[in-house]
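The file upload33.cif contains mmCIF, C-alpha atoms, pLDDT in the B column; chains and numbers go by the auth columns:
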data_input
loop_
_atom_site.group_PDB
_atom_site.id
_atom_site.type_symbol
_atom_site.label_atom_id
_atom_site.label_comp_id
_atom_site.label_asym_id
_atom_site.label_seq_id
_atom_site.Cartn_x
_atom_site.Cartn_y
_atom_site.Cartn_z
_atom_site.B_iso_or_equiv
_atom_site.auth_seq_id
_atom_site.auth_asym_id
ATOM 1 C CA MET A 1 2.988 -25.279 -13.077 89.00 2 X
ATOM 2 C CA ARG A 2 5.135 -25.486 -9.952 91.00 3 X
ATOM 3 C CA LYS A 3 7.229 -22.429 -10.875 94.00 4 X
ATOM 4 C CA ASP A 4 4.129 -20.460 -11.916 95.00 5 X
ATOM 5 C CA ILE A 5 2.394 -21.044 -8.587 96.00 6 X
ATOM 6 C CA TRP A 6 5.580 -20.283 -6.626 96.00 7 X
ATOM 7 C CA ASP A 7 6.234 -17.039 -8.532 95.00 8 X
ATOM 8 C CA SER A 8 2.590 -15.973 -8.212 97.00 9 X
ATOM 9 C CA MET A 9 2.645 -16.673 -4.484 97.00 10 X
ATOM 10 C CA LEU A 10 5.759 -14.522 -4.034 96.00 11 X
ATOM 11 C CA ASP A 11 4.235 -11.757 -6.146 97.00 12 X
ATOM 12 C CA ALA A 12 1.043 -11.812 -4.086 97.00 13 X
ATOM 13 C CA ASP A 13 3.070 -11.713 -0.865 97.00 14 X
ATOM 14 C CA MET A 14 4.964 -8.678 -2.153 97.00 15 X
ATOM 15 C CA ASN A 15 1.722 -6.931 -3.129 97.00 16 X
ATOM 16 C CA VAL A 16 0.178 -7.512 0.307 98.00 17 X
ATOM 17 C CA ARG A 17 3.233 -5.944 1.945 98.00 18 X
ATOM 18 C CA TYR A 18 3.460 -3.086 -0.547 97.00 19 X
ATOM 19 C CA TRP A 19 -0.175 -1.966 -0.449 97.00 20 X
ATOM 20 C CA SER A 20 -0.402 -2.340 3.326 97.00 21 X
ATOM 21 C CA LYS A 21 2.712 -0.249 3.881 97.00 22 X
ATOM 22 C CA LEU A 22 1.739 2.361 1.312 97.00 23 X
ATOM 23 C CA GLY A 23 -1.712 2.677 2.886 96.00 24 X
ATOM 24 C CA ARG A 24 -0.165 3.156 6.332 96.00 25 X
ATOM 25 C CA ARG A 25 2.288 5.703 4.924 96.00 26 X
ATOM 26 C CA TYR A 26 -0.487 7.788 3.372 95.00 27 X
ATOM 27 C CA ASN A 27 -2.654 7.430 6.472 95.00 28 X
ATOM 28 C CA ASN A 28 0.207 8.765 8.631 96.00 29 X
ATOM 29 C CA MET A 29 0.780 11.670 6.224 92.00 30 X
ATOM 30 C CA ASP A 30 -2.926 12.490 6.214 92.00 31 X
ATOM 31 C CA GLN A 31 -3.114 12.460 10.004 92.00 32 X
ATOM 32 C CA GLY A 32 0.068 14.514 10.329 91.00 33 X
ATOM 33 C CA HIS A 33 -1.182 17.165 7.929 87.00 34 X
ATOM 34 C CA LYS A 34 -4.552 17.344 9.663 89.00 35 X
ATOM 35 C CA ILE A 35 -2.917 17.684 13.079 89.00 36 X
ATOM 36 C CA PHE A 36 -0.606 20.400 11.760 84.00 37 X
ATOM 37 C CA LEU A 37 -3.581 22.211 10.260 83.00 38 X
ATOM 38 C CA ALA A 38 -5.573 21.990 13.497 83.00 39 X
ATOM 39 C CA ILE A 39 -2.650 23.248 15.578 80.00 40 X
ATOM 40 C CA MET A 40 -1.923 26.089 13.183 77.00 41 X
ATOM 41 C CA SER A 41 -5.554 27.111 12.860 73.00 42 X
ATOM 42 C CA SER A 42 -6.141 27.278 16.588 71.00 43 X
ATOM 43 C CA GLY A 43 -2.609 28.251 17.600 63.00 44 X
ATOM 44 C CA THR A 44 -2.414 31.173 15.208 57.00 45 X
ATOM 45 C CA VAL A 45 -5.492 32.853 16.587 59.00 46 X
ATOM 46 C CA ALA A 46 -4.729 31.989 20.216 57.00 47 X
ATOM 47 C CA SER A 47 -1.272 33.512 20.128 59.00 48 X
ATOM 48 C CA TRP A 48 -1.648 36.671 18.048 60.00 49 X
ATOM 49 C CA GLY A 49 0.240 38.608 20.722 62.00 50 X
ATOM 50 C CA ILE A 50 3.262 36.337 20.442 63.00 51 X
ATOM 51 C CA TRP A 51 3.144 36.212 16.653 60.00 52 X
ATOM 52 C CA SER A 52 3.139 40.004 16.342 65.00 53 X
ATOM 53 C CA GLU A 53 6.746 39.981 17.552 68.00 54 X
ATOM 54 C CA ILE A 54 7.800 37.571 14.788 69.00 55 X
ATOM 55 C CA GLU A 55 5.361 38.568 12.110 70.00 56 X
ATOM 56 C CA ILE A 56 7.109 36.893 9.180 75.00 57 X
ATOM 57 C CA VAL A 57 6.915 33.446 10.826 69.00 58 X
ATOM 58 C CA TRP A 58 3.220 33.970 11.575 70.00 59 X
ATOM 59 C CA LYS A 59 2.550 34.950 7.972 73.00 60 X
ATOM 60 C CA ILE A 60 4.461 31.976 6.563 77.00 61 X
ATOM 61 C CA LEU A 61 2.763 29.491 8.871 75.00 62 X
ATOM 62 C CA SER A 62 -0.641 31.029 8.185 76.00 63 X
ATOM 63 C CA GLY A 63 0.016 30.784 4.447 81.00 64 X
ATOM 64 C CA ILE A 64 1.057 27.138 4.723 82.00 65 X
ATOM 65 C CA SER A 65 -2.000 26.422 6.845 80.00 66 X
ATOM 66 C CA ALA A 66 -4.302 28.071 4.307 83.00 67 X
ATOM 67 C CA LEU A 67 -2.728 26.169 1.401 85.00 68 X
ATOM 68 C CA MET A 68 -3.077 22.885 3.272 83.00 69 X
ATOM 69 C CA ALA A 69 -6.728 23.630 4.055 84.00 70 X
ATOM 70 C CA ILE A 70 -7.305 24.049 0.333 86.00 71 X
ATOM 71 C CA ALA A 71 -5.129 21.132 -0.815 83.00 72 X
ATOM 72 C CA LEU A 72 -6.265 18.368 1.565 82.00 73 X
ATOM 73 C CA PRO A 73 -9.814 18.053 0.175 84.00 74 X
ATOM 74 C CA ILE A 74 -8.455 18.085 -3.370 84.00 75 X
ATOM 75 C CA LEU A 75 -5.865 15.387 -2.585 78.00 76 X
ATOM 76 C CA ASN A 76 -8.610 13.314 -0.934 87.00 77 X
ATOM 77 C CA TRP A 77 -6.167 10.998 0.793 88.00 78 X
ATOM 78 C CA PRO A 78 -8.866 9.172 2.792 92.00 79 X
ATOM 79 C CA LYS A 79 -10.398 7.891 -0.453 93.00 80 X
ATOM 80 C CA MET A 80 -6.980 6.882 -1.775 91.00 81 X
ATOM 81 C CA ILE A 81 -6.128 5.188 1.529 95.00 82 X
ATOM 82 C CA GLN A 82 -9.380 3.236 1.413 95.00 83 X
ATOM 83 C CA SER A 83 -8.558 2.109 -2.121 95.00 84 X
ATOM 84 C CA MET A 84 -5.127 0.937 -0.941 96.00 85 X
ATOM 85 C CA VAL A 85 -6.724 -0.979 1.938 96.00 86 X
ATOM 86 C CA ASN A 86 -9.163 -2.631 -0.479 96.00 87 X
ATOM 87 C CA VAL A 87 -6.354 -3.618 -2.850 97.00 88 X
ATOM 88 C CA ALA A 88 -4.286 -4.974 0.065 97.00 89 X
ATOM 89 C CA GLN A 89 -7.266 -7.060 1.215 97.00 90 X
ATOM 90 C CA LYS A 90 -7.733 -8.487 -2.280 97.00 91 X
ATOM 91 C CA TRP A 91 -4.047 -9.337 -2.522 97.00 92 X
ATOM 92 C CA THR A 92 -4.225 -10.986 0.905 98.00 93 X
ATOM 93 C CA GLN A 93 -6.949 -13.311 -0.342 97.00 94 X
ATOM 94 C CA ILE A 94 -5.025 -13.977 -3.552 98.00 95 X
ATOM 95 C CA LYS A 95 -1.912 -14.795 -1.508 97.00 96 X
ATOM 96 C CA ILE A 96 -3.932 -17.259 0.563 97.00 97 X
ATOM 97 C CA ASP A 97 -5.266 -18.825 -2.642 97.00 98 X
ATOM 98 C CA TYR A 98 -1.733 -19.305 -3.999 97.00 99 X
ATOM 99 C CA GLU A 99 -0.472 -20.679 -0.693 97.00 100 X
ATOM 100 C CA ASN A 100 -3.325 -23.194 -0.729 96.00 101 X
ATOM 101 C CA LEU A 101 -2.460 -24.104 -4.317 97.00 102 X
ATOM 102 C CA TRP A 102 1.176 -24.553 -3.308 96.00 103 X
ATOM 103 C CA THR A 103 0.144 -26.876 -0.478 96.00 104 X
ATOM 104 C CA ASP A 104 -2.198 -28.804 -2.763 95.00 105 X
ATOM 105 C CA LEU A 105 0.548 -29.122 -5.370 95.00 106 X
ATOM 106 C CA ASN A 106 2.970 -30.494 -2.793 93.00 107 X
ATOM 107 C CA GLN A 107 0.342 -32.969 -1.604 94.00 108 X
ATOM 108 C CA GLY A 108 -0.058 -34.303 -5.129 91.00 109 X
ATOM 109 C CA LYS A 109 -3.568 -33.005 -5.821 91.00 110 X
ATOM 110 C CA ASN A 110 -5.128 -33.506 -9.237 91.00 111 X
ATOM 111 C CA GLN A 111 -3.248 -31.411 -11.810 91.00 112 X
ATOM 112 C CA ALA A 112 -6.397 -30.471 -13.769 92.00 113 X
ATOM 113 C CA ILE A 113 -8.028 -29.076 -10.622 93.00 114 X
ATOM 114 C CA LEU A 114 -4.870 -27.137 -9.767 94.00 115 X
ATOM 115 C CA VAL A 115 -4.753 -25.624 -13.240 94.00 116 X
ATOM 116 C CA GLU A 116 -8.384 -24.535 -12.961 95.00 117 X
ATOM 117 C CA GLU A 117 -7.849 -22.992 -9.505 96.00 118 X
ATOM 118 C CA TYR A 118 -4.692 -21.279 -10.732 96.00 119 X
ATOM 119 C CA LYS A 119 -6.627 -19.689 -13.601 96.00 120 X
ATOM 120 C CA LYS A 120 -9.255 -18.399 -11.154 96.00 121 X
ATOM 121 C CA ALA A 121 -6.582 -16.920 -8.916 97.00 122 X
ATOM 122 C CA LYS A 122 -4.977 -15.236 -11.940 97.00 123 X
ATOM 123 C CA GLN A 123 -8.343 -13.668 -12.832 96.00 124 X
ATOM 124 C CA ARG A 124 -8.687 -12.282 -9.279 96.00 125 X
ATOM 125 C CA GLU A 125 -5.126 -11.000 -9.580 95.00 126 X
ATOM 126 C CA ALA A 126 -5.980 -9.175 -12.802 95.00 127 X
ATOM 127 C CA LYS A 127 -8.936 -7.468 -11.130 94.00 128 X
ATOM 128 C CA ALA A 128 -6.797 -6.406 -8.165 94.00 129 X
ATOM 129 C CA SER A 129 -4.119 -5.073 -10.504 92.00 130 X
ATOM 130 C CA GLN A 130 -6.739 -3.086 -12.394 92.00 131 X
ATOM 131 C CA GLU A 131 -7.680 -1.259 -9.195 91.00 132 X
ATOM 132 C CA GLU A 132 -4.061 -0.208 -8.702 93.00 133 X
ATOM 133 C CA THR A 133 -3.883 1.919 -11.837 88.00 134 X
ATOM 134 C CA ASN A 134 -4.969 5.192 -10.199 89.00 135 X
ATOM 135 C CA LEU A 135 -2.930 4.702 -7.052 94.00 136 X
ATOM 136 C CA PRO A 136 0.573 6.052 -6.434 93.00 137 X
ATOM 137 C CA HIS A 137 3.596 3.925 -7.244 93.00 138 X
ATOM 138 C CA LYS A 138 6.717 4.068 -5.058 96.00 139 X
ATOM 139 C CA ASN A 139 9.670 2.178 -6.553 96.00 140 X
ATOM 140 C CA LYS A 140 11.819 2.298 -3.426 97.00 141 X
ATOM 141 C CA LEU A 141 9.031 0.856 -1.263 97.00 142 X
ATOM 142 C CA LEU A 142 8.370 -1.804 -3.895 96.00 143 X
ATOM 143 C CA GLU A 143 12.034 -2.840 -3.865 96.00 144 X
ATOM 144 C CA GLN A 144 11.969 -2.954 -0.060 96.00 145 X
ATOM 145 C CA CYS A 145 8.915 -5.242 -0.139 97.00 146 X
ATOM 146 C CA VAL A 146 10.562 -7.531 -2.701 96.00 147 X
ATOM 147 C CA GLU A 147 13.594 -7.839 -0.409 96.00 148 X
ATOM 148 C CA GLU A 148 11.320 -8.608 2.568 96.00 149 X
ATOM 149 C CA VAL A 149 9.559 -11.373 0.646 96.00 150 X
ATOM 150 C CA LEU A 150 12.831 -12.907 -0.485 95.00 151 X
ATOM 151 C CA LYS A 151 14.236 -12.766 3.034 95.00 152 X
ATOM 152 C CA SER A 152 11.075 -14.239 4.568 94.00 153 X
ATOM 153 C CA ARG A 153 11.269 -17.165 2.122 92.00 154 X
ATOM 154 C CA GLY A 154 14.984 -17.693 2.642 90.00 155 X
ATOM 155 C CA LEU A 155 15.855 -16.453 -0.843 89.00 156 X
ATOM 156 C CA GLU A 156 17.662 -13.181 -0.096 74.00 157 X
ATOM 157 C CA ASN A 157 20.992 -14.260 -1.585 60.00 158 X
ATOM 158 C CA ARG A 158 19.670 -15.526 -4.926 53.00 159 X
#

Show me, as C-alpha cells, the structure contained in the file I just sent.
Amino acid sequence: MRKDIWDSMLDADMNVRYWSKLGRRYNNMDQGHKIFLAIMSSGTVASWGIWSEIEIVWKILSGISALMAIALPILNWPKMIQSMVNVAQKWTQIKIDYENLWTDLNQGKNQAILVEEYKKAKQREAKASQEETNLPHKNKLLEQCVEEVLKSRGLENR
C-alpha cells in the first residue's frame, strides 16, 4: 500500500505539472497567432504604399494571414486550453488526495480506511485520464515534468 500511494502521488504531481505547462504553452501559441493575425490584418492595409515596393513579401504575409484566419477557428485552441485547465485542476485535487493519504499512512491511520480512500482516488484518476484522450501528447514535456517531480522529491539520481 505504501509504494502504491507514493507512486500515485508522484504520478499525480507529474500530471499537474504537465497539464498546467501544456495549457500555458497552447495559450501562448494561441495569443501569439492572434496577435500576428491582428497586426498583419491591420498592418497590411495600412501600409499598402510600403508593401508595393516589396510585393512578394506582402503577398506571402497576406497569404499566411489568410490561412491563419481560416485555421484558428478550426484548431479551436481556446476549447482545448480549457480542457487542459480542467484536467490540470482535477489532477491537482487528486494530488492533494494522495498527499493526504500519504500523511495519514505515515500517521498510522486505519489501513481499511486508507484502502477505501485510495480506491476512490484511483477512480477520480481514471476519470481525469479519460478526459486526456483527445488532448495533445508531448513526450519531451512529459519527460521534463517527470524530472521536475523527481528533483522536487529528492529522487533525481535514482

Quiz item: How far is it from CA of Leu136 in chain X to CA of Lys120 in chain X, in Å with one decimal?
Solution: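 Atom-to-atom, CA of Leu136 in chain X to CA of Lys120 in chain X, that is 25.5 Å.
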
Exercise. Check which residues satisfy the PyMOL selection byres ((chain X and resi 23-33) around 9) in the file shown, then give them as a list in words.
Key: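 Residues picked by the PyMOL selection byres ((chain X and resi 23-33) around 9): Arg18, Tyr19, Trp20, Ser21, Lys22, His34, Lys35, Ile36, Phe37, Leu38, Leu73, Trp78, Pro79, Met81, Ile82, Gln83, Ser84, Met85, Val86, Ala89, Pro137, His138, Lys139 and Leu142 of chain X.
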
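Proximity to Glu149 in chain X at 12 Å, evaluated using all atoms listed in the file and with sequence-adjacent residues fewer than 4 positions away removed, yields X:Leu11, X:Asp12, X:Asp14, X:Met15, X:Asn16, X:Val17, X:Arg18, X:Tyr19, X:Leu142, X:Leu143, X:Glu144, X:Gln145, X:Ser153, X:Arg154, X:Gly155, X:Leu156, X:Glu157, X:Asn158.
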
Practice problem: Between CA of Asn135 in chain X and CA of Tyr99 in chain X, measure the distance and give it in Å to one decimal. | Solution: 25.5 Å

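Nearest residue to Ala13 in chain X, choosing from X:Ile114, X:Ile97, X:Leu151, X:Ile61 and counting all atoms listed in the file: X:Ile97.
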
Quiz item: Out of X:Ala72, X:Ile95, X:Leu106, X:Ile65, which residue has the shortest atom-to-atom distance to Lys121 in chain X when counting all atoms listed in the file?
Solution: X:Ile95

Using all atoms listed in the file, list the residues that have an atom at most 7 Å from (-3.6, 28.6, 11.1), coordinates as in the file, as a PDB file with C-alpha atoms, keeping the file's coordinate frame.
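Heads up, here's the output in part07.pdb:
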ATOM      1  CA  LEU X  38      -3.581  22.211  10.260  1.00 83.00           C
ATOM      2  CA  MET X  41      -1.923  26.089  13.183  1.00 77.00           C
ATOM      3  CA  SER X  42      -5.554  27.111  12.860  1.00 73.00           C
ATOM      4  CA  SER X  43      -6.141  27.278  16.588  1.00 71.00           C
ATOM      5  CA  GLY X  44      -2.609  28.251  17.600  1.00 63.00           C
ATOM      6  CA  THR X  45      -2.414  31.173  15.208  1.00 57.00           C
ATOM      7  CA  LEU X  62       2.763  29.491   8.871  1.00 75.00           C
ATOM      8  CA  SER X  63      -0.641  31.029   8.185  1.00 76.00           C
ATOM      9  CA  SER X  66      -2.000  26.422   6.845  1.00 80.00           C
ATOM     10  CA  ALA X  67      -4.302  28.071   4.307  1.00 83.00           C
TER      11      ALA X  67
END

Quiz item: Could you tell me, as a list in words, which residues have any atom at most 12 Å from (-1.7, -27.4, -4.4), counting all atoms listed in the file?
Solution: Met2, Arg3, Asp5, Ile6, Trp7, Met10, Ile97, Asp98, Tyr99, Glu100, Asn101, Leu102, Trp103, Thr104, Asp105, Leu106, Asn107, Gln108, Gly109, Lys110, Asn111, Gln112, Ala113, Ile114, Leu115, Val116, Glu117, Glu118 and Tyr119 of chain X

Residues of range 46-117 of chain X that have any atom at most 7 Å from an atom of range 129-132 of chain X: could you tabulate them with the shortest-distance atom pair and the distance in Å to one decimal, using all atoms listed in the file, ordered by chain and increasing number, as CSV?
residue,atom,partner,partner_atom,distance
X:Val88,CA,X:Ala129,CA,6.0
X:Lys91,CA,X:Ala129,CA,6.3
X:Trp92,CA,X:Ala129,CA,6.9

Quiz prompt | Length of the CA of Asn87 in chain X to CA of Ser9 in chain X vector [Å] | solution = 19.4 Å
